[in-house]
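Listing of run.txt; format and content: compact mmCIF, N, CA and C atoms.
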# COMPACT_ATOMS: atom_id res chain seq x y z
N MET A 22 9.98 -1.04 23.76
CA MET A 22 8.85 -0.30 23.23
C MET A 22 9.27 1.13 22.90
N ARG A 23 8.57 1.70 21.95
CA ARG A 23 8.82 3.08 21.60
C ARG A 23 7.48 3.79 21.49
N ASP A 24 7.54 5.11 21.35
CA ASP A 24 6.33 5.90 21.21
C ASP A 24 5.64 5.58 19.88
N PHE A 25 4.35 5.76 19.86
CA PHE A 25 3.54 5.53 18.67
C PHE A 25 3.72 6.69 17.70
N HIS A 26 3.97 6.38 16.43
CA HIS A 26 4.17 7.39 15.39
C HIS A 26 3.09 7.25 14.32
N THR A 27 2.88 8.31 13.56
CA THR A 27 1.91 8.24 12.47
C THR A 27 2.37 7.27 11.38
N ASP A 28 3.68 7.06 11.26
CA ASP A 28 4.19 6.09 10.29
C ASP A 28 3.70 4.69 10.61
N ASP A 29 3.49 4.40 11.89
CA ASP A 29 3.01 3.09 12.29
C ASP A 29 1.62 2.83 11.71
N VAL A 30 0.78 3.84 11.70
CA VAL A 30 -0.57 3.71 11.15
C VAL A 30 -0.47 3.46 9.65
N PHE A 31 0.40 4.20 8.97
CA PHE A 31 0.55 4.01 7.53
C PHE A 31 1.02 2.60 7.21
N ILE A 32 2.02 2.12 7.91
CA ILE A 32 2.54 0.77 7.67
C ILE A 32 1.47 -0.27 7.94
N SER A 33 0.69 -0.08 8.99
CA SER A 33 -0.40 -1.02 9.29
C SER A 33 -1.45 -1.02 8.19
N ARG A 34 -1.78 0.16 7.69
CA ARG A 34 -2.75 0.24 6.60
C ARG A 34 -2.21 -0.41 5.32
N LEU A 35 -0.94 -0.21 5.06
CA LEU A 35 -0.32 -0.83 3.89
C LEU A 35 -0.33 -2.35 4.02
N LYS A 36 -0.01 -2.85 5.19
CA LYS A 36 -0.05 -4.30 5.42
C LYS A 36 -1.46 -4.84 5.21
N LEU A 37 -2.47 -4.13 5.72
CA LEU A 37 -3.85 -4.55 5.54
C LEU A 37 -4.22 -4.56 4.07
N LEU A 38 -3.78 -3.56 3.34
CA LEU A 38 -4.05 -3.50 1.90
C LEU A 38 -3.41 -4.69 1.18
N VAL A 39 -2.21 -5.05 1.56
CA VAL A 39 -1.53 -6.20 0.97
C VAL A 39 -2.31 -7.49 1.29
N ILE A 40 -2.75 -7.62 2.52
CA ILE A 40 -3.51 -8.81 2.91
C ILE A 40 -4.82 -8.90 2.14
N MET A 41 -5.53 -7.77 2.02
CA MET A 41 -6.80 -7.77 1.30
C MET A 41 -6.61 -8.12 -0.18
N ALA A 42 -5.58 -7.57 -0.79
CA ALA A 42 -5.32 -7.85 -2.20
C ALA A 42 -4.90 -9.31 -2.39
N SER A 43 -4.08 -9.81 -1.49
CA SER A 43 -3.67 -11.22 -1.56
C SER A 43 -4.85 -12.16 -1.40
N ALA A 44 -5.75 -11.80 -0.50
CA ALA A 44 -6.94 -12.62 -0.29
C ALA A 44 -7.80 -12.66 -1.54
N HIS A 45 -7.91 -11.52 -2.22
CA HIS A 45 -8.69 -11.49 -3.46
C HIS A 45 -8.04 -12.36 -4.53
N LEU A 46 -6.73 -12.33 -4.61
CA LEU A 46 -6.04 -13.15 -5.60
C LEU A 46 -6.22 -14.64 -5.32
N LYS A 47 -6.45 -14.98 -4.07
CA LYS A 47 -6.72 -16.38 -3.70
C LYS A 47 -8.21 -16.68 -3.73
N GLN A 48 -8.99 -15.77 -4.32
CA GLN A 48 -10.42 -15.91 -4.56
C GLN A 48 -11.25 -16.01 -3.28
N CYS A 49 -10.83 -15.31 -2.25
CA CYS A 49 -11.65 -15.21 -1.04
C CYS A 49 -12.80 -14.24 -1.32
N PRO A 50 -13.97 -14.51 -0.75
CA PRO A 50 -15.12 -13.62 -1.03
C PRO A 50 -14.90 -12.22 -0.45
N LEU A 51 -15.46 -11.25 -1.13
CA LEU A 51 -15.34 -9.86 -0.74
C LEU A 51 -16.74 -9.32 -0.46
N GLY A 52 -17.15 -9.35 0.81
CA GLY A 52 -18.47 -8.89 1.19
C GLY A 52 -18.54 -7.37 1.27
N ASP A 53 -19.72 -6.88 1.62
CA ASP A 53 -19.94 -5.43 1.68
C ASP A 53 -19.04 -4.75 2.71
N PHE A 54 -18.90 -5.35 3.88
CA PHE A 54 -18.05 -4.75 4.91
C PHE A 54 -16.60 -4.69 4.45
N ARG A 55 -16.12 -5.76 3.84
CA ARG A 55 -14.74 -5.78 3.36
C ARG A 55 -14.54 -4.79 2.22
N LYS A 56 -15.54 -4.67 1.37
CA LYS A 56 -15.44 -3.69 0.27
C LYS A 56 -15.29 -2.28 0.83
N LYS A 57 -16.14 -1.95 1.80
CA LYS A 57 -16.09 -0.60 2.39
C LYS A 57 -14.74 -0.37 3.07
N ALA A 58 -14.27 -1.36 3.82
CA ALA A 58 -12.97 -1.23 4.50
C ALA A 58 -11.84 -1.11 3.50
N ASN A 59 -11.93 -1.85 2.41
CA ASN A 59 -10.91 -1.81 1.38
C ASN A 59 -10.83 -0.43 0.72
N ILE A 60 -11.99 0.14 0.41
CA ILE A 60 -12.03 1.47 -0.22
C ILE A 60 -11.47 2.53 0.72
N GLN A 61 -11.90 2.51 1.98
CA GLN A 61 -11.41 3.50 2.95
C GLN A 61 -9.91 3.37 3.15
N ASN A 62 -9.45 2.12 3.29
CA ASN A 62 -8.03 1.89 3.51
C ASN A 62 -7.21 2.33 2.30
N ALA A 63 -7.68 2.01 1.10
CA ALA A 63 -6.96 2.41 -0.12
C ALA A 63 -6.90 3.93 -0.24
N ASN A 64 -7.98 4.61 0.10
CA ASN A 64 -7.97 6.08 0.06
C ASN A 64 -6.95 6.66 1.03
N HIS A 65 -6.88 6.12 2.23
CA HIS A 65 -5.91 6.62 3.22
C HIS A 65 -4.47 6.36 2.76
N VAL A 66 -4.21 5.16 2.25
CA VAL A 66 -2.84 4.83 1.81
C VAL A 66 -2.44 5.73 0.64
N ALA A 67 -3.33 5.92 -0.31
CA ALA A 67 -3.01 6.76 -1.47
C ALA A 67 -2.73 8.20 -1.04
N LYS A 68 -3.47 8.68 -0.05
CA LYS A 68 -3.27 10.05 0.43
C LYS A 68 -1.98 10.18 1.25
N GLU A 69 -1.74 9.21 2.12
CA GLU A 69 -0.60 9.29 3.02
C GLU A 69 0.73 8.99 2.35
N ILE A 70 0.72 8.23 1.26
CA ILE A 70 1.99 7.89 0.61
C ILE A 70 2.67 9.14 0.06
N VAL A 71 1.89 10.14 -0.31
CA VAL A 71 2.47 11.38 -0.82
C VAL A 71 3.27 12.07 0.28
N ASP A 72 2.70 12.18 1.47
CA ASP A 72 3.40 12.81 2.59
C ASP A 72 4.58 11.96 3.04
N TRP A 73 4.39 10.65 3.07
CA TRP A 73 5.43 9.75 3.54
C TRP A 73 6.62 9.77 2.60
N GLN A 74 6.34 9.83 1.31
CA GLN A 74 7.41 9.88 0.32
C GLN A 74 8.26 11.13 0.51
N GLY A 75 7.63 12.25 0.76
CA GLY A 75 8.37 13.49 0.97
C GLY A 75 9.24 13.44 2.20
N GLN A 76 8.73 12.84 3.28
CA GLN A 76 9.52 12.73 4.50
C GLN A 76 10.75 11.86 4.30
N VAL A 77 10.56 10.74 3.62
CA VAL A 77 11.70 9.83 3.41
C VAL A 77 12.71 10.46 2.46
N GLN A 78 12.24 11.11 1.40
CA GLN A 78 13.17 11.69 0.44
C GLN A 78 13.92 12.88 1.04
N ASN A 79 13.28 13.64 1.92
CA ASN A 79 13.96 14.77 2.54
C ASN A 79 15.08 14.32 3.46
N PHE A 80 14.95 13.14 4.03
CA PHE A 80 15.94 12.64 4.98
C PHE A 80 16.61 11.37 4.49
N ARG A 81 16.70 11.24 3.20
CA ARG A 81 17.26 10.02 2.62
C ARG A 81 18.65 9.72 3.14
N SER A 82 19.53 10.70 3.17
CA SER A 82 20.89 10.44 3.62
C SER A 82 20.90 10.04 5.09
N ASN A 83 20.02 10.62 5.89
CA ASN A 83 19.92 10.27 7.30
C ASN A 83 19.51 8.81 7.45
N HIS A 84 18.54 8.36 6.66
CA HIS A 84 18.09 6.97 6.71
C HIS A 84 19.22 6.03 6.29
N GLU A 85 19.93 6.42 5.24
CA GLU A 85 20.98 5.56 4.74
C GLU A 85 22.14 5.48 5.74
N LEU A 86 22.42 6.59 6.44
CA LEU A 86 23.49 6.56 7.43
C LEU A 86 23.16 5.66 8.60
N LYS A 87 21.88 5.63 8.99
CA LYS A 87 21.46 4.79 10.12
C LYS A 87 21.31 3.33 9.72
N GLY A 88 21.36 3.05 8.43
CA GLY A 88 21.22 1.67 7.98
C GLY A 88 19.77 1.22 7.89
N ASP A 89 18.84 2.15 7.92
CA ASP A 89 17.42 1.81 7.76
C ASP A 89 17.17 1.32 6.34
N ALA A 90 15.99 0.80 6.13
CA ALA A 90 15.63 0.33 4.81
C ALA A 90 15.68 1.50 3.82
N SER A 91 16.22 1.23 2.67
CA SER A 91 16.27 2.29 1.67
C SER A 91 15.00 2.23 0.83
N PHE A 92 14.47 3.39 0.52
CA PHE A 92 13.26 3.50 -0.27
C PHE A 92 13.60 4.22 -1.56
N ASP A 93 12.92 3.85 -2.61
CA ASP A 93 13.08 4.59 -3.85
C ASP A 93 11.71 4.96 -4.40
N HIS A 94 11.72 5.79 -5.42
CA HIS A 94 10.45 6.28 -5.94
C HIS A 94 9.61 5.16 -6.53
N ILE A 95 10.21 4.08 -6.96
CA ILE A 95 9.46 2.96 -7.53
C ILE A 95 8.59 2.30 -6.46
N PHE A 96 9.12 2.19 -5.24
CA PHE A 96 8.33 1.63 -4.15
C PHE A 96 7.07 2.46 -3.92
N PHE A 97 7.20 3.77 -3.90
CA PHE A 97 6.05 4.63 -3.67
C PHE A 97 5.05 4.54 -4.82
N GLN A 98 5.54 4.43 -6.05
CA GLN A 98 4.65 4.27 -7.19
C GLN A 98 3.91 2.93 -7.12
N ARG A 99 4.59 1.90 -6.66
CA ARG A 99 3.95 0.59 -6.52
C ARG A 99 2.86 0.62 -5.44
N VAL A 100 3.12 1.32 -4.36
CA VAL A 100 2.11 1.44 -3.30
C VAL A 100 0.90 2.21 -3.82
N LYS A 101 1.13 3.28 -4.56
CA LYS A 101 0.02 4.02 -5.15
C LYS A 101 -0.79 3.14 -6.09
N LEU A 102 -0.10 2.35 -6.91
CA LEU A 102 -0.78 1.45 -7.84
C LEU A 102 -1.59 0.40 -7.08
N LEU A 103 -1.03 -0.14 -6.02
CA LEU A 103 -1.76 -1.11 -5.21
C LEU A 103 -3.03 -0.50 -4.64
N ALA A 104 -2.96 0.73 -4.16
CA ALA A 104 -4.13 1.40 -3.61
C ALA A 104 -5.21 1.58 -4.68
N VAL A 105 -4.80 1.97 -5.87
CA VAL A 105 -5.77 2.16 -6.96
C VAL A 105 -6.40 0.83 -7.36
N MET A 106 -5.59 -0.22 -7.47
CA MET A 106 -6.11 -1.52 -7.87
C MET A 106 -7.02 -2.12 -6.79
N ALA A 107 -6.66 -1.95 -5.54
CA ALA A 107 -7.49 -2.47 -4.46
C ALA A 107 -8.84 -1.76 -4.43
N LYS A 108 -8.81 -0.47 -4.65
CA LYS A 108 -10.06 0.29 -4.69
C LYS A 108 -10.92 -0.16 -5.87
N ALA A 109 -10.30 -0.42 -7.02
CA ALA A 109 -11.03 -0.88 -8.20
C ALA A 109 -11.68 -2.24 -7.93
N LEU A 110 -10.97 -3.10 -7.22
CA LEU A 110 -11.55 -4.40 -6.85
C LEU A 110 -12.79 -4.23 -6.02
N ALA A 111 -12.71 -3.38 -5.02
CA ALA A 111 -13.82 -3.17 -4.10
C ALA A 111 -15.01 -2.51 -4.79
N GLU A 112 -14.75 -1.75 -5.82
CA GLU A 112 -15.83 -1.08 -6.55
C GLU A 112 -16.35 -1.94 -7.71
N ASP A 113 -15.94 -3.20 -7.75
CA ASP A 113 -16.41 -4.20 -8.72
C ASP A 113 -16.09 -3.84 -10.17
N HIS A 114 -14.96 -3.20 -10.39
CA HIS A 114 -14.50 -2.98 -11.75
C HIS A 114 -13.96 -4.30 -12.29
N PRO A 115 -14.08 -4.54 -13.59
CA PRO A 115 -13.64 -5.84 -14.13
C PRO A 115 -12.12 -6.02 -13.97
N MET A 116 -11.75 -7.21 -13.54
CA MET A 116 -10.34 -7.55 -13.36
C MET A 116 -10.05 -8.81 -14.16
N GLY A 117 -9.47 -8.63 -15.32
CA GLY A 117 -9.11 -9.76 -16.17
C GLY A 117 -7.79 -10.38 -15.72
N PHE A 118 -7.37 -11.36 -16.48
CA PHE A 118 -6.15 -12.10 -16.14
C PHE A 118 -4.94 -11.18 -16.05
N HIS A 119 -4.79 -10.27 -16.99
CA HIS A 119 -3.61 -9.41 -17.04
C HIS A 119 -3.57 -8.44 -15.86
N ARG A 120 -4.72 -7.92 -15.46
CA ARG A 120 -4.76 -7.02 -14.30
C ARG A 120 -4.45 -7.79 -13.02
N LEU A 121 -4.98 -9.00 -12.91
CA LEU A 121 -4.69 -9.82 -11.72
C LEU A 121 -3.21 -10.19 -11.67
N LYS A 122 -2.64 -10.48 -12.83
CA LYS A 122 -1.20 -10.79 -12.90
C LYS A 122 -0.38 -9.57 -12.51
N ALA A 123 -0.79 -8.39 -12.98
CA ALA A 123 -0.08 -7.16 -12.62
C ALA A 123 -0.17 -6.90 -11.12
N MET A 124 -1.34 -7.18 -10.54
CA MET A 124 -1.50 -6.98 -9.10
C MET A 124 -0.62 -7.96 -8.33
N ASP A 125 -0.55 -9.20 -8.79
CA ASP A 125 0.29 -10.20 -8.12
C ASP A 125 1.76 -9.80 -8.20
N ASP A 126 2.21 -9.35 -9.37
CA ASP A 126 3.60 -8.92 -9.52
C ASP A 126 3.89 -7.72 -8.63
N ASN A 127 2.94 -6.79 -8.57
CA ASN A 127 3.11 -5.60 -7.74
C ASN A 127 3.18 -5.98 -6.26
N LEU A 128 2.32 -6.88 -5.82
CA LEU A 128 2.35 -7.34 -4.43
C LEU A 128 3.68 -8.00 -4.09
N ASN A 129 4.17 -8.83 -4.99
CA ASN A 129 5.46 -9.48 -4.75
C ASN A 129 6.59 -8.46 -4.64
N ALA A 130 6.55 -7.44 -5.47
CA ALA A 130 7.60 -6.42 -5.42
C ALA A 130 7.51 -5.61 -4.12
N ILE A 131 6.31 -5.29 -3.67
CA ILE A 131 6.15 -4.52 -2.43
C ILE A 131 6.59 -5.35 -1.23
N CYS A 132 6.16 -6.60 -1.21
CA CYS A 132 6.51 -7.45 -0.06
C CYS A 132 7.99 -7.75 -0.02
Show me, as structure tokens, the structure contained in the file I just sent.
Amino acid sequence: MRDFHTDDVFISRLKLLVIMASAHLKQCPLGDFRKKANIQNANHVAKEIVDWQGQVQNFRSNHELKGDASFDHIFFQRVKLLAVMAKALAEDHPMGFHRLKAMDDNLNAIC
């Protein structure tokens, strides 16, 4: 076990966002409670990814030396896009075939 870090909360929120988006792609119903949770979670992820990106980029060589997962700016852009799309879903914006396909491709790239 290790101490709890704020990065743990971010990763958990990102995982929840991925699960919620995947559930929508599988046509699971999105009730009022899930919509509210989705919007709040997407707002937190979109806000925190900016800080998290700066921390990782500032210590990129340190992460690479330790053999940790390497991150690039495309990953952070994909997470931002996922947050925006998940929020749009919860706010009942129209999602056509191409947007759903883009969300599926984005989810696959993030996972």
Do you have the atom C of Ala130 in chain A-atom C of Met22 in chain A distance handy?
27.9 Å
Grab the CA of Leu46 in chain A to atom N of Lys122 in chain A distance for me, in Å with one decimal place.
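Straight-line distance from CA of Leu46 in chain A to atom N of Lys122 in chain A works out to 8.4 Å.
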With 3 Å on each side, where is the centre of the axis-aligned box around all listed atoms of range 109-119 of chain A, and how long are its edges in Å to one decimal, as JSON?
{"center_x": -10.0, "center_y": -6.3, "center_z": -10.6, "size_x": 18.8, "size_y": 17.7, "size_z": 18.9}
Nearest-residue call for Leu128 in chain A, choices A:Leu103, A:Leu35, A:Met116, A:Ala111, using only C-alpha atoms:
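With only C-alpha atoms as the atom set, the closest residue is A:Leu103.
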For Ala123 in chain A, work out the shell of residues within 12 Å, counting only C-alpha atoms and skipping chain neighbours fewer than 2 positions away, then give it as a PyMOL selection string.
chain A and resi 42+46+99+102-103+106-107+116-121+125-130
Hey, which of A:Val100, A:Ile70, A:Ala44, A:Ala58 ends up closest to Phe31 in chain A? Count all atoms listed in the file.
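So, comparing all the options, the nearest one is A:Ile70.
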Kindly give the distance, in Å, that separates CA of Glu112 in chain A and CA of Ile60 in chain A, rounded to a single decimal.
7.8 Å
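Minimum distance to Asn62 in chain A across A:Ile95, A:Leu110, A:Ile40, A:Ala104 (counting only C-alpha atoms) occurs at A:Ala104.
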